[in-house]
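Trainee: One structure is given below, represented as structure tokens, and several questions about it will come after.
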Amino acid sequence: MRQPTFKHWINHQWPAALALLLLSVPMLLNSALAAEDLSSRDRGYLKDIAQASLVQIEASELAVVKSSSQDVRQLAREVIREHMLVSDQLKQLAQAKRAELPDQPSLIQQAKFRLLSAKDGVEFDQGYAKAIAVKNQETVVKLFEKVASRADDADLKSFALKHLSPMEAKLDYGRNLRAALKTDAGE
């Protein structure tokens, strides 16, 4: 018996193959899209978290190099470690949800970073403690609280809840450091 040729298959089997393809592709695409798309609000949360982590990392990397205080350098190392972990996990979440993340802080955050980087010595240490370890970290904590309570996506909510406690701990550390630097400076 002769094997059917490709030409024979095209002439006789293609309608069935085409029908199968046309029925299965939309169902697969719809289920994948429905399961992974984020609301615009949730995409905004991802962007805000990414930018906040980027500025915390960049400012803390500067503090490790520039600070005259061992305590500031220690906090900066911990902030880097924590925010790198957040950034890595956020990238995985964004990839799974097909969302893009910014690769740099916002323009306002960049301007604040430039102001901090122009300082030296005790002025730098106090500026880092005030602007990054306290004020920016307060913003981060509020953002994580907001995402944990208001995000539409369950995975994003879970992500925020998972990282909220470590962010609060860094804020407490930053507040204590700021108070200690004020005491050391005689304020």
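Letters for chains follow the order of the structure tokens (A, B, ...), residue numbers begin at 1 for each chain, and ligand numbers begin at 1 in the order shown.
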Please build the interface table for range 34-105 of chain A against range 133-137 of chain A with a cut-off of 10 Å, listing for each qualifying residue the nearest atom pair and the distance in Å to one decimal; count only C-alpha atoms, order rows by chain and increasing number, and write it as JSON lines.
Mentor:
```
{"residue": "A:Ala52", "atom": "CA", "partner": "A:Asn136", "partner_atom": "CA", "distance": 7.7}
{"residue": "A:Ser53", "atom": "CA", "partner": "A:Gln137", "partner_atom": "CA", "distance": 9.5}
{"residue": "A:Val55", "atom": "CA", "partner": "A:Asn136", "partner_atom": "CA", "distance": 8.7}
{"residue": "A:Gln56", "atom": "CA", "partner": "A:Asn136", "partner_atom": "CA", "distance": 7.7}
{"residue": "A:Ala59", "atom": "CA", "partner": "A:Ala133", "partner_atom": "CA", "distance": 9.6}
{"residue": "A:Ser60", "atom": "CA", "partner": "A:Ala133", "partner_atom": "CA", "distance": 8.9}
{"residue": "A:Val72", "atom": "CA", "partner": "A:Ala133", "partner_atom": "CA", "distance": 9.2}
{"residue": "A:Leu75", "atom": "CA", "partner": "A:Ala133", "partner_atom": "CA", "distance": 8.2}
{"residue": "A:Ala76", "atom": "CA", "partner": "A:Ala133", "partner_atom": "CA", "distance": 8.3}
{"residue": "A:Val79", "atom": "CA", "partner": "A:Ala133", "partner_atom": "CA", "distance": 8.4}
```
Trainee: Could you name the residues that touch range 48-50 of chain A at 9 Å or less, counting only C-alpha atoms, but leaving out those on the same chain fewer than 3 positions away, as a PDB file with all heavy atoms, in the first residue's frame?
Mentor:
```pdb
ATOM      1  N   ARG A  43      -0.604  47.784  37.409  1.00  0.00           N
ATOM      2  CA  ARG A  43       0.617  48.095  36.656  1.00  0.00           C
ATOM      3  C   ARG A  43       1.294  49.335  37.246  1.00  0.00           C
ATOM      4  O   ARG A  43       2.509  49.404  37.332  1.00  0.00           O
ATOM      5  CB  ARG A  43       0.297  48.309  35.180  1.00  0.00           C
ATOM      6  CG  ARG A  43      -0.028  47.031  34.446  1.00  0.00           C
ATOM      7  CD  ARG A  43      -0.322  47.274  32.967  1.00  0.00           C
ATOM      8  NE  ARG A  43      -0.802  46.059  32.355  1.00  0.00           N
ATOM      9  CZ  ARG A  43      -0.021  45.082  31.900  1.00  0.00           C
ATOM     10  NH1 ARG A  43       1.280  45.200  31.962  1.00  0.00           N
ATOM     11  NH2 ARG A  43      -0.542  43.994  31.365  1.00  0.00           N
ATOM     12  N   GLY A  44       0.499  50.293  37.670  1.00  0.00           N
ATOM     13  CA  GLY A  44       1.042  51.478  38.334  1.00  0.00           C
ATOM     14  C   GLY A  44       1.728  51.130  39.644  1.00  0.00           C
ATOM     15  O   GLY A  44       2.786  51.679  39.964  1.00  0.00           O
ATOM     16  N   TYR A  45       1.127  50.211  40.393  1.00  0.00           N
ATOM     17  CA  TYR A  45       1.758  49.765  41.639  1.00  0.00           C
ATOM     18  C   TYR A  45       3.113  49.112  41.365  1.00  0.00           C
ATOM     19  O   TYR A  45       4.092  49.372  42.073  1.00  0.00           O
ATOM     20  CB  TYR A  45       0.857  48.773  42.378  1.00  0.00           C
ATOM     21  CG  TYR A  45      -0.398  49.348  42.975  1.00  0.00           C
ATOM     22  CD1 TYR A  45      -1.528  48.549  43.127  1.00  0.00           C
ATOM     23  CD2 TYR A  45      -0.485  50.671  43.403  1.00  0.00           C
ATOM     24  CE1 TYR A  45      -2.700  49.052  43.686  1.00  0.00           C
ATOM     25  CE2 TYR A  45      -1.647  51.180  43.960  1.00  0.00           C
ATOM     26  CZ  TYR A  45      -2.753  50.360  44.104  1.00  0.00           C
ATOM     27  OH  TYR A  45      -3.908  50.845  44.654  1.00  0.00           O
ATOM     28  N   SER A  53      12.265  51.060  44.884  1.00  0.00           N
ATOM     29  CA  SER A  53      13.389  50.164  45.181  1.00  0.00           C
ATOM     30  C   SER A  53      14.661  50.623  44.488  1.00  0.00           C
ATOM     31  O   SER A  53      15.747  50.560  45.073  1.00  0.00           O
ATOM     32  CB  SER A  53      13.050  48.727  44.776  1.00  0.00           C
ATOM     33  OG  SER A  53      12.166  48.160  45.711  1.00  0.00           O
ATOM     34  N   LEU A  54      14.538  51.102  43.268  1.00  0.00           N
ATOM     35  CA  LEU A  54      15.717  51.577  42.544  1.00  0.00           C
ATOM     36  C   LEU A  54      16.389  52.739  43.265  1.00  0.00           C
ATOM     37  O   LEU A  54      17.618  52.765  43.409  1.00  0.00           O
ATOM     38  CB  LEU A  54      15.343  51.992  41.119  1.00  0.00           C
ATOM     39  CG  LEU A  54      15.054  50.868  40.141  1.00  0.00           C
ATOM     40  CD1 LEU A  54      14.409  51.416  38.868  1.00  0.00           C
ATOM     41  CD2 LEU A  54      16.319  50.105  39.814  1.00  0.00           C
ATOM     42  N   VAL A  55      15.601  53.701  43.736  1.00  0.00           N
ATOM     43  CA  VAL A  55      16.208  54.850  44.421  1.00  0.00           C
ATOM     44  C   VAL A  55      16.798  54.414  45.760  1.00  0.00           C
ATOM     45  O   VAL A  55      17.867  54.901  46.148  1.00  0.00           O
ATOM     46  CB  VAL A  55      15.216  56.029  44.569  1.00  0.00           C
ATOM     47  CG1 VAL A  55      14.207  55.822  45.665  1.00  0.00           C
ATOM     48  CG2 VAL A  55      15.974  57.327  44.795  1.00  0.00           C
ATOM     49  N   VAL A  86      13.570  42.413  46.762  1.00  0.00           N
ATOM     50  CA  VAL A  86      12.276  42.906  46.291  1.00  0.00           C
ATOM     51  C   VAL A  86      12.314  43.092  44.779  1.00  0.00           C
ATOM     52  O   VAL A  86      11.397  42.671  44.067  1.00  0.00           O
ATOM     53  CB  VAL A  86      11.899  44.230  47.006  1.00  0.00           C
ATOM     54  CG1 VAL A  86      10.754  44.935  46.294  1.00  0.00           C
ATOM     55  CG2 VAL A  86      11.545  43.963  48.453  1.00  0.00           C
ATOM     56  N   SER A  87      13.371  43.729  44.281  1.00  0.00           N
ATOM     57  CA  SER A  87      13.473  43.989  42.836  1.00  0.00           C
ATOM     58  C   SER A  87      13.499  42.701  42.027  1.00  0.00           C
ATOM     59  O   SER A  87      12.829  42.604  40.999  1.00  0.00           O
ATOM     60  CB  SER A  87      14.729  44.814  42.539  1.00  0.00           C
ATOM     61  OG  SER A  87      14.585  46.112  43.041  1.00  0.00           O
ATOM     62  N   LEU A  90      10.092  41.175  42.163  1.00  0.00           N
ATOM     63  CA  LEU A  90       9.168  42.025  41.408  1.00  0.00           C
ATOM     64  C   LEU A  90       9.343  41.794  39.910  1.00  0.00           C
ATOM     65  O   LEU A  90       8.363  41.747  39.170  1.00  0.00           O
ATOM     66  CB  LEU A  90       9.396  43.495  41.759  1.00  0.00           C
ATOM     67  CG  LEU A  90       8.384  44.481  41.197  1.00  0.00           C
ATOM     68  CD1 LEU A  90       7.020  44.271  41.844  1.00  0.00           C
ATOM     69  CD2 LEU A  90       8.855  45.910  41.402  1.00  0.00           C
ATOM     70  N   LYS A  91      10.580  41.634  39.467  1.00  0.00           N
ATOM     71  CA  LYS A  91      10.834  41.350  38.048  1.00  0.00           C
ATOM     72  C   LYS A  91      10.184  40.033  37.637  1.00  0.00           C
ATOM     73  O   LYS A  91       9.599  39.936  36.555  1.00  0.00           O
ATOM     74  CB  LYS A  91      12.338  41.301  37.771  1.00  0.00           C
ATOM     75  CG  LYS A  91      12.999  42.655  37.779  1.00  0.00           C
ATOM     76  CD  LYS A  91      14.500  42.537  37.629  1.00  0.00           C
ATOM     77  CE  LYS A  91      15.168  43.882  37.871  1.00  0.00           C
ATOM     78  NZ  LYS A  91      16.620  43.780  37.946  1.00  0.00           N
ATOM     79  N   LEU A 101       8.655  46.969  33.692  1.00  0.00           N
ATOM     80  CA  LEU A 101       9.095  47.761  34.837  1.00  0.00           C
ATOM     81  C   LEU A 101      10.067  48.835  34.373  1.00  0.00           C
ATOM     82  O   LEU A 101      10.848  48.609  33.444  1.00  0.00           O
ATOM     83  CB  LEU A 101       9.793  46.866  35.867  1.00  0.00           C
ATOM     84  CG  LEU A 101       8.952  45.787  36.526  1.00  0.00           C
ATOM     85  CD1 LEU A 101       9.809  44.937  37.448  1.00  0.00           C
ATOM     86  CD2 LEU A 101       7.790  46.403  37.292  1.00  0.00           C
ATOM     87  N   PRO A 102      10.057  49.988  35.037  1.00  0.00           N
ATOM     88  CA  PRO A 102      11.029  51.027  34.698  1.00  0.00           C
ATOM     89  C   PRO A 102      12.433  50.593  35.115  1.00  0.00           C
ATOM     90  O   PRO A 102      12.597  49.774  36.018  1.00  0.00           O
ATOM     91  CB  PRO A 102      10.556  52.235  35.509  1.00  0.00           C
ATOM     92  CG  PRO A 102       9.757  51.661  36.624  1.00  0.00           C
ATOM     93  CD  PRO A 102       9.162  50.380  36.112  1.00  0.00           C
ATOM     94  N   ASP A 103      13.431  51.145  34.446  1.00  0.00           N
ATOM     95  CA  ASP A 103      14.807  50.790  34.786  1.00  0.00           C
ATOM     96  C   ASP A 103      15.538  51.924  35.496  1.00  0.00           C
ATOM     97  O   ASP A 103      16.741  51.869  35.687  1.00  0.00           O
ATOM     98  CB  ASP A 103      15.575  50.343  33.542  1.00  0.00           C
ATOM     99  CG  ASP A 103      15.608  51.396  32.458  1.00  0.00           C
ATOM    100  OD1 ASP A 103      15.002  52.472  32.633  1.00  0.00           O
ATOM    101  OD2 ASP A 103      16.242  51.144  31.416  1.00  0.00           O
ATOM    102  N   GLN A 104      14.783  52.954  35.892  1.00  0.00           N
ATOM    103  CA  GLN A 104      15.383  54.035  36.663  1.00  0.00           C
ATOM    104  C   GLN A 104      14.311  54.690  37.530  1.00  0.00           C
ATOM    105  O   GLN A 104      13.123  54.586  37.240  1.00  0.00           O
ATOM    106  CB  GLN A 104      16.039  55.056  35.753  1.00  0.00           C
ATOM    107  CG  GLN A 104      15.146  55.669  34.721  1.00  0.00           C
ATOM    108  CD  GLN A 104      15.928  56.544  33.752  1.00  0.00           C
ATOM    109  OE1 GLN A 104      17.109  56.778  33.932  1.00  0.00           O
ATOM    110  NE2 GLN A 104      15.274  57.021  32.732  1.00  0.00           N
ATOM    111  N   PRO A 105      14.749  55.364  38.592  1.00  0.00           N
ATOM    112  CA  PRO A 105      13.787  56.059  39.454  1.00  0.00           C
ATOM    113  C   PRO A 105      13.072  57.174  38.690  1.00  0.00           C
ATOM    114  O   PRO A 105      13.513  57.588  37.609  1.00  0.00           O
ATOM    115  CB  PRO A 105      14.663  56.643  40.564  1.00  0.00           C
ATOM    116  CG  PRO A 105      15.941  55.866  40.518  1.00  0.00           C
ATOM    117  CD  PRO A 105      16.105  55.454  39.100  1.00  0.00           C
ATOM    118  N   SER A 106      12.015  57.704  39.281  1.00  0.00           N
ATOM    119  CA  SER A 106      11.294  58.821  38.671  1.00  0.00           C
ATOM    120  C   SER A 106      12.203  60.053  38.627  1.00  0.00           C
ATOM    121  O   SER A 106      13.235  60.106  39.299  1.00  0.00           O
ATOM    122  CB  SER A 106      10.040  59.139  39.474  1.00  0.00           C
ATOM    123  OG  SER A 106      10.394  59.736  40.712  1.00  0.00           O
ATOM    124  N   VAL A 140       7.750  53.941  50.941  1.00  0.00           N
ATOM    125  CA  VAL A 140       7.757  52.534  50.537  1.00  0.00           C
ATOM    126  C   VAL A 140       6.767  51.733  51.385  1.00  0.00           C
ATOM    127  O   VAL A 140       5.972  50.946  50.856  1.00  0.00           O
ATOM    128  CB  VAL A 140       9.185  51.944  50.632  1.00  0.00           C
ATOM    129  CG1 VAL A 140       9.171  50.431  50.483  1.00  0.00           C
ATOM    130  CG2 VAL A 140      10.098  52.572  49.595  1.00  0.00           C
ATOM    131  N   LEU A 143       3.265  52.535  50.434  1.00  0.00           N
ATOM    132  CA  LEU A 143       2.974  51.929  49.135  1.00  0.00           C
ATOM    133  C   LEU A 143       2.665  50.437  49.287  1.00  0.00           C
ATOM    134  O   LEU A 143       1.690  49.938  48.727  1.00  0.00           O
ATOM    135  CB  LEU A 143       4.152  52.143  48.180  1.00  0.00           C
ATOM    136  CG  LEU A 143       4.069  51.475  46.820  1.00  0.00           C
ATOM    137  CD1 LEU A 143       2.849  51.971  46.039  1.00  0.00           C
ATOM    138  CD2 LEU A 143       5.348  51.741  46.032  1.00  0.00           C
ATOM    139  N   PHE A 144       3.471  49.724  50.061  1.00  0.00           N
ATOM    140  CA  PHE A 144       3.241  48.292  50.258  1.00  0.00           C
ATOM    141  C   PHE A 144       1.915  48.054  50.992  1.00  0.00           C
ATOM    142  O   PHE A 144       1.189  47.105  50.670  1.00  0.00           O
ATOM    143  CB  PHE A 144       4.410  47.642  51.000  1.00  0.00           C
ATOM    144  CG  PHE A 144       5.533  47.234  50.092  1.00  0.00           C
ATOM    145  CD1 PHE A 144       6.384  48.174  49.542  1.00  0.00           C
ATOM    146  CD2 PHE A 144       5.739  45.913  49.768  1.00  0.00           C
ATOM    147  CE1 PHE A 144       7.418  47.814  48.701  1.00  0.00           C
ATOM    148  CE2 PHE A 144       6.769  45.528  48.918  1.00  0.00           C
ATOM    149  CZ  PHE A 144       7.601  46.483  48.381  1.00  0.00           C
TER     150      PHE A 144
END
```
Trainee: Near Val141 in chain A, counting only C-alpha atoms, which residues have an atom at most 9 Å away, once you skip same-chain residues fewer than 5 positions from it, shown as a list of chain:residue names?
Mentor: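 Contacts, with the query itself left out: A:Asn136, A:Lys146, A:Leu164, A:Ser165, A:Met167, A:Glu168, A:Leu171.
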Trainee: Return the single residue from A:Glu138, A:Pro166, A:Asp172, A:Ala154 that is closest to Leu93 in chain A, with distances computed using only C-alpha atoms.
Mentor: A:Ala154
Trainee: Point out the residue among A:Ala111, A:Ala63, A:Ala118, A:Ala94 with the least atom-to-atom distance to Glu78 in chain A, counting only C-alpha atoms.
Mentor: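 For Glu78 in chain A, the nearest of the given residues is A:Ala63.
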Trainee: Just how far from CA of Leu161 in chain A is CA of Ser40 in chain A, in Å to one decimal?
Mentor: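 Between these atoms lies a distance of 20.0 Å.
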